[in-house]
$ cat target12.pdb   # PDB, C-alpha atoms, pLDDT in the B column
ATOM      1  CA  MET A  89      71.999 114.520  86.884  1.00 80.00           C
ATOM      2  CA  ALA A  90      74.788 113.211  89.058  1.00 89.00           C
ATOM      3  CA  THR A  91      76.662 110.261  87.613  1.00 89.00           C
ATOM      4  CA  ILE A  92      77.929 107.506  89.859  1.00 87.00           C
ATOM      5  CA  ASN A  93      80.931 105.409  88.930  1.00 89.00           C
ATOM      6  CA  TYR A  94      80.897 102.428  91.273  1.00 91.00           C
ATOM      7  CA  GLY A  95      84.182 101.066  89.901  1.00 93.00           C
ATOM      8  CA  TYR A  96      86.057 104.236  90.837  1.00 89.00           C
ATOM      9  CA  ARG A  97      83.678 105.002  93.751  1.00 89.00           C
ATOM     10  CA  GLU A  98      83.085 108.482  92.383  1.00 89.00           C
ATOM     11  CA  ILE A  99      80.075 110.781  92.198  1.00 90.00           C
ATOM     12  CA  ASN A 100      80.251 113.522  89.566  1.00 90.00           C
ATOM     13  CA  CYS A 101      77.896 116.477  89.889  1.00 93.00           C
ATOM     14  CA  LYS A 102      77.334 119.365  87.496  1.00 94.00           C
ATOM     15  CA  ILE A 103      76.792 122.987  88.521  1.00 95.00           C
ATOM     16  CA  VAL A 104      75.877 125.492  85.812  1.00 95.00           C
ATOM     17  CA  TYR A 105      76.481 129.240  86.122  1.00 96.00           C
ATOM     18  CA  TYR A 106      73.734 131.018  84.192  1.00 97.00           C
ATOM     19  CA  GLY A 107      72.946 134.674  83.558  1.00 96.00           C
ATOM     20  CA  PRO A 108      73.009 137.472  81.004  1.00 95.00           C
ATOM     21  CA  GLY A 109      76.070 138.343  78.956  1.00 91.00           C
ATOM     22  CA  MET A 110      78.928 139.994  80.857  1.00 92.00           C
ATOM     23  CA  SER A 111      77.248 139.476  84.244  1.00 96.00           C
ATOM     24  CA  GLY A 112      80.324 137.782  85.740  1.00 95.00           C
ATOM     25  CA  LYS A 113      79.802 134.054  85.181  1.00 94.00           C
ATOM     26  CA  THR A 114      83.251 133.446  83.714  1.00 89.00           C
ATOM     27  CA  THR A 115      84.860 135.726  86.310  1.00 93.00           C
ATOM     28  CA  ASN A 116      83.258 133.606  89.059  1.00 95.00           C
ATOM     29  CA  LEU A 117      84.919 130.466  87.689  1.00 92.00           C
ATOM     30  CA  GLU A 118      88.230 132.227  87.163  1.00 90.00           C
ATOM     31  CA  THR A 119      88.172 133.478  90.771  1.00 93.00           C
ATOM     32  CA  ILE A 120      87.340 130.006  92.117  1.00 92.00           C
ATOM     33  CA  HIS A 121      90.076 128.462  89.989  1.00 89.00           C
ATOM     34  CA  LYS A 122      92.697 130.928  91.255  1.00 90.00           C
ATOM     35  CA  LYS A 123      91.843 130.423  94.925  1.00 91.00           C
ATOM     36  CA  VAL A 124      91.310 126.645  95.079  1.00 89.00           C
ATOM     37  CA  PRO A 125      94.532 124.684  95.750  1.00 88.00           C
ATOM     38  CA  PRO A 126      95.917 123.049  92.585  1.00 85.00           C
ATOM     39  CA  THR A 127      95.485 119.585  94.147  1.00 84.00           C
ATOM     40  CA  ASN A 128      91.713 120.197  94.331  1.00 85.00           C
ATOM     41  CA  ARG A 129      91.048 121.576  90.876  1.00 85.00           C
ATOM     42  CA  GLY A 130      91.395 120.662  87.262  1.00 84.00           C
ATOM     43  CA  LYS A 131      92.260 122.724  84.221  1.00 84.00           C
ATOM     44  CA  LEU A 132      90.008 125.702  83.508  1.00 85.00           C
ATOM     45  CA  THR A 133      88.976 125.634  79.868  1.00 81.00           C
ATOM     46  CA  SER A 134      87.605 128.838  78.352  1.00 77.00           C
ATOM     47  CA  LEU A 135      86.408 129.365  74.805  1.00 73.00           C
ATOM     48  CA  ALA A 136      85.906 132.972  73.704  1.00 69.00           C
ATOM     49  CA  THR A 137      84.356 134.752  70.732  1.00 63.00           C
ATOM     50  CA  LYS A 138      84.319 138.363  69.589  1.00 62.00           C
ATOM     51  CA  THR A 139      80.941 139.007  71.180  1.00 63.00           C
ATOM     52  CA  ASP A 140      81.006 136.890  74.331  1.00 60.00           C
ATOM     53  CA  ARG A 141      83.752 135.728  76.640  1.00 55.00           C
ATOM     54  CA  THR A 142      82.426 132.173  76.817  1.00 55.00           C
ATOM     55  CA  LEU A 143      81.127 130.424  73.724  1.00 42.00           C
ATOM     56  CA  PHE A 144      80.629 126.915  75.013  1.00 47.00           C
ATOM     57  CA  PHE A 145      81.603 126.375  78.611  1.00 51.00           C
ATOM     58  CA  ASP A 146      84.181 126.646  81.283  1.00 53.00           C
ATOM     59  CA  LEU A 147      84.961 123.338  82.957  1.00 66.00           C
ATOM     60  CA  LEU A 148      86.375 123.139  86.425  1.00 74.00           C
ATOM     61  CA  PRO A 149      86.391 119.714  88.080  1.00 80.00           C
ATOM     62  CA  LEU A 150      86.405 120.451  91.795  1.00 82.00           C
ATOM     63  CA  ASP A 151      87.239 117.629  94.179  1.00 82.00           C
ATOM     64  CA  LEU A 152      85.344 117.972  97.479  1.00 80.00           C
ATOM     65  CA  GLY A 153      86.636 114.899  99.268  1.00 75.00           C
ATOM     66  CA  THR A 154      84.621 111.777 100.067  1.00 78.00           C
ATOM     67  CA  ILE A 155      81.088 111.083 101.249  1.00 78.00           C
ATOM     68  CA  LYS A 156      80.133 107.601 102.405  1.00 80.00           C
ATOM     69  CA  GLY A 157      83.197 106.174 100.696  1.00 84.00           C
ATOM     70  CA  PHE A 158      82.588 107.937  97.386  1.00 86.00           C
ATOM     71  CA  LYS A 159      84.822 110.693  96.083  1.00 87.00           C
ATOM     72  CA  VAL A 160      82.638 113.675  95.145  1.00 87.00           C
ATOM     73  CA  LYS A 161      83.595 115.853  92.221  1.00 90.00           C
ATOM     74  CA  PHE A 162      81.824 118.933  90.965  1.00 92.00           C
ATOM     75  CA  GLN A 163      82.181 120.167  87.438  1.00 90.00           C
ATOM     76  CA  LEU A 164      81.417 123.859  87.061  1.00 92.00           C
ATOM     77  CA  TYR A 165      80.177 125.188  83.732  1.00 92.00           C
ATOM     78  CA  THR A 166      79.124 128.584  82.446  1.00 91.00           C
ATOM     79  CA  VAL A 167      76.724 129.208  79.601  1.00 90.00           C
ATOM     80  CA  PRO A 168      77.204 131.897  76.989  1.00 85.00           C
ATOM     81  CA  GLY A 169      75.260 135.014  77.938  1.00 80.00           C
ATOM     82  CA  GLN A 170      74.252 136.131  74.458  1.00 78.00           C
ATOM     83  CA  VAL A 171      70.701 135.181  73.426  1.00 73.00           C
ATOM     84  CA  TYR A 172      71.734 133.882  70.008  1.00 75.00           C
ATOM     85  CA  TYR A 173      73.721 131.108  71.677  1.00 82.00           C
ATOM     86  CA  ASN A 174      70.560 129.616  73.187  1.00 89.00           C
ATOM     87  CA  ALA A 175      71.140 126.171  71.642  1.00 86.00           C
ATOM     88  CA  THR A 176      74.485 126.047  73.470  1.00 84.00           C
ATOM     89  CA  ARG A 177      72.835 127.170  76.717  1.00 90.00           C
ATOM     90  CA  LYS A 178      70.390 124.254  76.438  1.00 92.00           C
ATOM     91  CA  LEU A 179      73.191 121.805  75.731  1.00 89.00           C
ATOM     92  CA  VAL A 180      75.244 122.950  78.743  1.00 90.00           C
ATOM     93  CA  LEU A 181      72.173 122.766  81.023  1.00 94.00           C
ATOM     94  CA  ARG A 182      71.520 119.114  80.169  1.00 94.00           C
ATOM     95  CA  GLY A 183      72.093 116.999  83.276  1.00 95.00           C
ATOM     96  CA  ALA A 184      72.645 119.943  85.625  1.00 96.00           C
ATOM     97  CA  ASP A 185      72.417 119.114  89.324  1.00 96.00           C
ATOM     98  CA  GLY A 186      72.338 122.742  90.450  1.00 97.00           C
ATOM     99  CA  VAL A 187      72.340 126.297  89.103  1.00 98.00           C
ATOM    100  CA  VAL A 188      74.018 129.514  90.216  1.00 98.00           C
ATOM    101  CA  PHE A 189      72.293 132.463  88.543  1.00 98.00           C
ATOM    102  CA  ILE A 190      74.643 135.441  88.220  1.00 98.00           C
ATOM    103  CA  ALA A 191      72.707 138.699  87.935  1.00 98.00           C
ATOM    104  CA  ASP A 192      74.256 142.056  87.074  1.00 98.00           C
ATOM    105  CA  SER A 193      73.137 144.421  89.859  1.00 98.00           C
ATOM    106  CA  GLN A 194      73.304 147.552  87.698  1.00 98.00           C
ATOM    107  CA  LYS A 195      69.917 149.209  87.187  1.00 98.00           C
ATOM    108  CA  ASP A 196      70.257 149.321  83.411  1.00 98.00           C
ATOM    109  CA  ARG A 197      70.769 145.527  83.316  1.00 98.00           C
ATOM    110  CA  TYR A 198      67.560 144.602  85.168  1.00 98.00           C
ATOM    111  CA  ASP A 199      65.627 143.672  82.001  1.00 98.00           C
ATOM    112  CA  ASP A 200      68.548 141.498  80.817  1.00 97.00           C
ATOM    113  CA  ASN A 201      68.505 139.676  84.169  1.00 98.00           C
ATOM    114  CA  VAL A 202      64.757 139.025  83.996  1.00 98.00           C
ATOM    115  CA  GLU A 203      65.007 137.806  80.402  1.00 97.00           C
ATOM    116  CA  SER A 204      67.889 135.472  81.250  1.00 97.00           C
ATOM    117  CA  LEU A 205      66.097 134.042  84.308  1.00 98.00           C
ATOM    118  CA  GLU A 206      62.995 133.328  82.220  1.00 97.00           C
ATOM    119  CA  ASN A 207      65.205 131.760  79.540  1.00 97.00           C
ATOM    120  CA  LEU A 208      66.743 129.518  82.219  1.00 98.00           C
ATOM    121  CA  ARG A 209      63.282 128.314  83.286  1.00 98.00           C
ATOM    122  CA  GLU A 210      62.255 127.614  79.679  1.00 97.00           C
ATOM    123  CA  ASN A 211      65.455 125.757  78.831  1.00 97.00           C
ATOM    124  CA  LEU A 212      65.245 123.598  81.964  1.00 98.00           C
ATOM    125  CA  LYS A 213      61.619 122.793  81.138  1.00 97.00           C
ATOM    126  CA  GLU A 214      62.739 121.489  77.722  1.00 96.00           C
ATOM    127  CA  HIS A 215      64.941 118.998  79.603  1.00 96.00           C
ATOM    128  CA  GLY A 216      62.027 118.000  81.857  1.00 97.00           C
ATOM    129  CA  MET A 217      63.510 119.903  84.792  1.00 97.00           C
ATOM    130  CA  ASP A 218      61.936 122.482  87.093  1.00 97.00           C
ATOM    131  CA  LEU A 219      63.991 125.336  88.535  1.00 97.00           C
ATOM    132  CA  ASP A 220      61.747 125.370  91.622  1.00 97.00           C
ATOM    133  CA  ALA A 221      62.647 121.741  92.365  1.00 96.00           C
ATOM    134  CA  MET A 222      66.411 121.903  91.970  1.00 97.00           C
ATOM    135  CA  PRO A 223      69.319 123.349  93.960  1.00 98.00           C
ATOM    136  CA  PHE A 224      69.426 127.004  92.937  1.00 98.00           C
ATOM    137  CA  VAL A 225      71.131 130.112  94.300  1.00 98.00           C
ATOM    138  CA  ILE A 226      71.490 133.677  93.037  1.00 98.00           C
ATOM    139  CA  GLY A 227      74.550 135.919  93.019  1.00 98.00           C
ATOM    140  CA  TRP A 228      73.862 139.665  92.855  1.00 98.00           C
ATOM    141  CA  ASN A 229      77.120 140.576  91.151  1.00 98.00           C
ATOM    142  CA  LYS A 230      78.899 143.897  90.589  1.00 98.00           C
ATOM    143  CA  ARG A 231      77.884 145.299  93.985  1.00 98.00           C
ATOM    144  CA  ASP A 232      80.981 147.519  93.897  1.00 97.00           C
ATOM    145  CA  LEU A 233      79.723 149.538  90.919  1.00 97.00           C
ATOM    146  CA  PRO A 234      77.674 152.746  91.103  1.00 96.00           C
ATOM    147  CA  ASP A 235      73.976 152.831  90.223  1.00 96.00           C
ATOM    148  CA  VAL A 236      73.088 149.323  91.371  1.00 98.00           C
ATOM    149  CA  MET A 237      69.667 148.154  92.523  1.00 98.00           C
ATOM    150  CA  SER A 238      69.338 147.379  96.228  1.00 98.00           C
ATOM    151  CA  VAL A 239      69.448 143.724  97.204  1.00 98.00           C
ATOM    152  CA  GLU A 240      65.995 144.128  98.762  1.00 98.00           C
ATOM    153  CA  GLU A 241      64.570 145.361  95.443  1.00 98.00           C
ATOM    154  CA  LEU A 242      66.313 142.620  93.453  1.00 98.00           C
ATOM    155  CA  ASN A 243      64.992 139.945  95.802  1.00 98.00           C
ATOM    156  CA  ALA A 244      61.466 141.394  95.717  1.00 98.00           C
ATOM    157  CA  LYS A 245      61.388 141.427  91.919  1.00 97.00           C
ATOM    158  CA  MET A 246      63.447 138.373  90.977  1.00 98.00           C
ATOM    159  CA  ASN A 247      63.528 136.046  93.967  1.00 98.00           C
ATOM    160  CA  PRO A 248      59.952 135.536  95.192  1.00 95.00           C
ATOM    161  CA  ARG A 249      60.850 132.035  96.508  1.00 96.00           C
ATOM    162  CA  GLY A 250      63.594 133.480  98.670  1.00 98.00           C
ATOM    163  CA  VAL A 251      66.318 131.106  97.451  1.00 98.00           C
ATOM    164  CA  PRO A 252      69.761 131.664  98.976  1.00 98.00           C
ATOM    165  CA  ASN A 253      71.282 134.792  97.463  1.00 98.00           C
ATOM    166  CA  PHE A 254      74.600 136.521  97.857  1.00 98.00           C
ATOM    167  CA  GLU A 255      76.039 139.954  97.234  1.00 98.00           C
ATOM    168  CA  MET A 256      78.989 139.490  94.904  1.00 98.00           C
ATOM    169  CA  GLU A 257      82.028 141.172  93.503  1.00 98.00           C
ATOM    170  CA  ALA A 258      83.367 138.407  91.272  1.00 97.00           C
ATOM    171  CA  LEU A 259      86.666 140.185  90.596  1.00 95.00           C
ATOM    172  CA  THR A 260      87.556 140.342  94.298  1.00 96.00           C
ATOM    173  CA  GLY A 261      85.903 137.042  95.246  1.00 97.00           C
ATOM    174  CA  ARG A 262      83.325 138.586  97.592  1.00 98.00           C
ATOM    175  CA  GLY A 263      80.340 136.211  97.789  1.00 98.00           C
ATOM    176  CA  VAL A 264      81.723 133.837  95.156  1.00 98.00           C
ATOM    177  CA  PHE A 265      82.635 130.952  97.471  1.00 96.00           C
ATOM    178  CA  GLU A 266      79.573 131.500  99.655  1.00 97.00           C
ATOM    179  CA  ALA A 267      77.337 130.906  96.614  1.00 98.00           C
ATOM    180  CA  LEU A 268      79.375 127.887  95.528  1.00 96.00           C
ATOM    181  CA  ARG A 269      79.272 126.352  99.024  1.00 95.00           C
ATOM    182  CA  ALA A 270      75.510 126.910  99.254  1.00 97.00           C
ATOM    183  CA  VAL A 271      74.683 125.266  95.935  1.00 97.00           C
ATOM    184  CA  THR A 272      77.052 122.320  96.452  1.00 94.00           C
ATOM    185  CA  ARG A 273      75.579 121.715  99.905  1.00 93.00           C
ATOM    186  CA  MET A 274      72.062 121.759  98.396  1.00 95.00           C
ATOM    187  CA  VAL A 275      73.107 119.308  95.665  1.00 94.00           C
ATOM    188  CA  LEU A 276      74.616 116.893  98.196  1.00 90.00           C
ATOM    189  CA  GLU A 277      71.527 117.122 100.440  1.00 90.00           C
ATOM    190  CA  LYS A 278      69.280 116.367  97.467  1.00 91.00           C
ATOM    191  CA  LEU A 279      71.422 113.382  96.462  1.00 86.00           C
ATOM    192  CA  GLU A 280      71.256 111.945  99.981  1.00 83.00           C
ATOM    193  CA  LYS A 281      67.504 112.563 100.174  1.00 85.00           C
ATOM    194  CA  GLU A 282      66.997 110.734  96.878  1.00 83.00           C
ATOM    195  CA  GLY A 283      68.986 107.790  98.204  1.00 68.00           C
ATOM    196  CA  THR A 284      72.158 108.278  96.156  1.00 51.00           C
ATOM    197  CA  ARG A 285      75.101 106.831  98.050  1.00 46.00           C
TER
END

$ encode --input "target12.pdb" --output "structure tokens"
Amino acid sequence: MATINYGYREINCKIVYYGPGMSGKTTNLETIHKKVPPTNRGKLTSLATKTDRTLFFDLLPLDLGTIKGFKVKFQLYTVPGQVYYNATRKLVLRGADGVVFIADSQKDRYDDNVESLENLRENLKEHGMDLDAMPFVIGWNKRDLPDVMSVEELNAKMNPRGVPNFEMEALTGRGVFEALRAVTRMVLEKLEKEGTR
């Protein structure tokens, strides 16, 4: 959950990018990092293994200015996509204020997407959190590749709540900032609604 530092008049919020392995989570953060002015971003830290591009997390402090006299910073994390890193996924999810689920739009990755989305729900539940009650958006990534499912079909099967969703091409940046803006706006609205100043 968001942490408030009254001494520094700062609110720190955590956004977690979740999804199956190689769906584009790390590429999303890399694209954001490249396009955000250096004065508004911190160092992008990436830890890689032989089997997955992100072992622990990517960290990108993103300064979004001030709200009611408090400087608002977002830290963006990714989780490892591989199932055997589930303990790390749980650890990274702890204290999340919002989630961006990155799905691979290719037809042969549908089952991986469904499994990862269910895993997200289970891991949040272990932290006493409910995906249906938190800021959550979906990015349908890899829209530029052949043999992808239609957005209508993906939404019908994986997005029954109709949460904000975006067609993405993480390498080019298409849809990346739209998803980030949507989830950060939802996080800020929730904070204000809950009385956080």

$ closest_atom_pairs --input "target12.pdb" --of "range 140-196 of chain A" --to "range 93-100 of chain A" --cutoff "9 Å" --atoms "only C-alpha atoms" --output "tab-separated table"
residue	atom	partner	partner_atom	distance
A:Pro149	CA	A:Asn100	CA	8.8
A:Thr154	CA	A:Glu98	CA	8.5
A:Gly157	CA	A:Arg97	CA	7.1
A:Phe158	CA	A:Arg97	CA	4.8
A:Lys159	CA	A:Glu98	CA	4.6
A:Val160	CA	A:Ile99	CA	4.9
A:Lys161	CA	A:Asn100	CA	4.9
A:Phe162	CA	A:Asn100	CA	5.8
A:Gln163	CA	A:Asn100	CA	7.2

$ closest_residue --input "target12.pdb" --among "A:Lys156, A:Gly109, A:Asn207, A:Thr166" --to "Thr133 in chain A" --atoms "all atoms listed in the file"
A:Thr166

$ closest_atom_pairs --input "target12.pdb" --of "range 164-231 of chain A" --to "range 235-250 of chain A" --cutoff "6 Å" --atoms "only C-alpha atoms" --output "JSON lines"
{"residue": "A:Ser193", "atom": "CA", "partner": "A:Val236", "partner_atom": "CA", "distance": 5.1}
{"residue": "A:Gln194", "atom": "CA", "partner": "A:Val236", "partner_atom": "CA", "distance": 4.1}
{"residue": "A:Lys195", "atom": "CA", "partner": "A:Val236", "partner_atom": "CA", "distance": 5.3}

$ closest_residue --input "target12.pdb" --among "A:Leu117, A:Val124, A:Leu233, A:Ile155" --to "Glu277 in chain A" --atoms "all atoms listed in the file"
A:Ile155

$ resolve_selection --input "target12.pdb" --expression "the PyMOL selection byres ((chain A and resi 208-211) around 10)" --output "list in words"
Tyr106, Gly107, Asn174, Ala175, Arg177, Lys178, Leu179, Leu181, Arg182, Val187, Phe189, Val202, Glu203, Ser204, Leu205, Glu206, Asn207, Leu212, Lys213, Glu214, His215, Gly216, Met217, Asp218, Leu219 and Asp220 of chain A

$ closest_residue --input "target12.pdb" --among "A:Glu118, A:Tyr173, A:Thr91, A:Ser111" --to "Arg197 in chain A" --atoms "all atoms listed in the file"
A:Ser111

$ closest_residue --input "target12.pdb" --among "A:Leu150, A:Leu132, A:Met222, A:Leu268" --to "Cys101 in chain A" --atoms "all atoms listed in the file"
A:Leu150

$ closest_residue --input "target12.pdb" --among "A:Gly153, A:Gly227, A:Gly183, A:Gly169" --to "Asn253 in chain A" --atoms "all atoms listed in the file"
A:Gly227

$ resolve_selection --input "target12.pdb" --expression "the PyMOL selection byres ((chain A and resi 115) around 10)" --output "compact mmCIF listing (two decimals) with C-alpha atoms, in the frame of the given file"
# COMPACT_ATOMS: atom_id res chain seq x y z
CA MET A 110 78.93 139.99 80.86
CA SER A 111 77.25 139.48 84.24
CA GLY A 112 80.32 137.78 85.74
CA LYS A 113 79.80 134.05 85.18
CA THR A 114 83.25 133.45 83.71
CA ASN A 116 83.26 133.61 89.06
CA LEU A 117 84.92 130.47 87.69
CA GLU A 118 88.23 132.23 87.16
CA THR A 119 88.17 133.48 90.77
CA ILE A 120 87.34 130.01 92.12
CA HIS A 121 90.08 128.46 89.99
CA ARG A 141 83.75 135.73 76.64
CA THR A 166 79.12 128.58 82.45
CA GLU A 257 82.03 141.17 93.50
CA ALA A 258 83.37 138.41 91.27
CA LEU A 259 86.67 140.18 90.60
CA THR A 260 87.56 140.34 94.30
CA GLY A 261 85.90 137.04 95.25
CA VAL A 264 81.72 133.84 95.16

$ axis_aligned_box --input "target12.pdb" --around "range 224-231 of chain A" --padding-each-side "6 Å" --output "lines of an AutoDock Vina configuration file"
center_x = 74.2
center_y = 136.2
center_z = 92.4
size_x = 21.5
size_y = 30.3
size_z = 15.7

$ resolve_selection --input "target12.pdb" --expression "the PyMOL selection byres ((chain A and resi 252) around 9)" --output "PyMOL selection string"
chain A and resi 224-227+250-251+253-254+267+270-271

$ closest_residue --input "target12.pdb" --among "A:Asp199, A:Glu280, A:Ile190, A:Lys123" --to "Phe265 in chain A" --atoms "all atoms listed in the file"
A:Lys123

$ atom_distance --input "target12.pdb" --atom1 "CA of Arg269 in chain A" --atom2 "CA of Lys131 in chain A"
20.0 Å

$ atom_distance --input "target12.pdb" --atom1 "CA of Ile103 in chain A" --atom2 "CA of Asp196 in chain A"
27.6 Å

$ atom_distance --input "target12.pdb" --atom1 "CA of Ala221 in chain A" --atom2 "CA of Val167 in chain A"
20.4 Å

$ residues_around --input "target12.pdb" --residues "Met256 in chain A" --least-positions-apart "5" --cutoff "7 Å" --atoms "all atoms listed in the file" --output "mmCIF file with C-alpha atoms, in the coordinates of the input"
data_model
loop_
_atom_site.group_PDB
_atom_site.id
_atom_site.type_symbol
_atom_site.label_atom_id
_atom_site.label_comp_id
_atom_site.auth_asym_id
_atom_site.auth_seq_id
_atom_site.Cartn_x
_atom_site.Cartn_y
_atom_site.Cartn_z
ATOM 1 C CA GLY A 227 74.550 135.919 93.019
ATOM 2 C CA TRP A 228 73.862 139.665 92.855
ATOM 3 C CA ASN A 229 77.120 140.576 91.151
ATOM 4 C CA LYS A 230 78.899 143.897 90.589
ATOM 5 C CA ARG A 231 77.884 145.299 93.985
ATOM 6 C CA ARG A 262 83.325 138.586 97.592
ATOM 7 C CA GLY A 263 80.340 136.211 97.789
ATOM 8 C CA VAL A 264 81.723 133.837 95.156
#
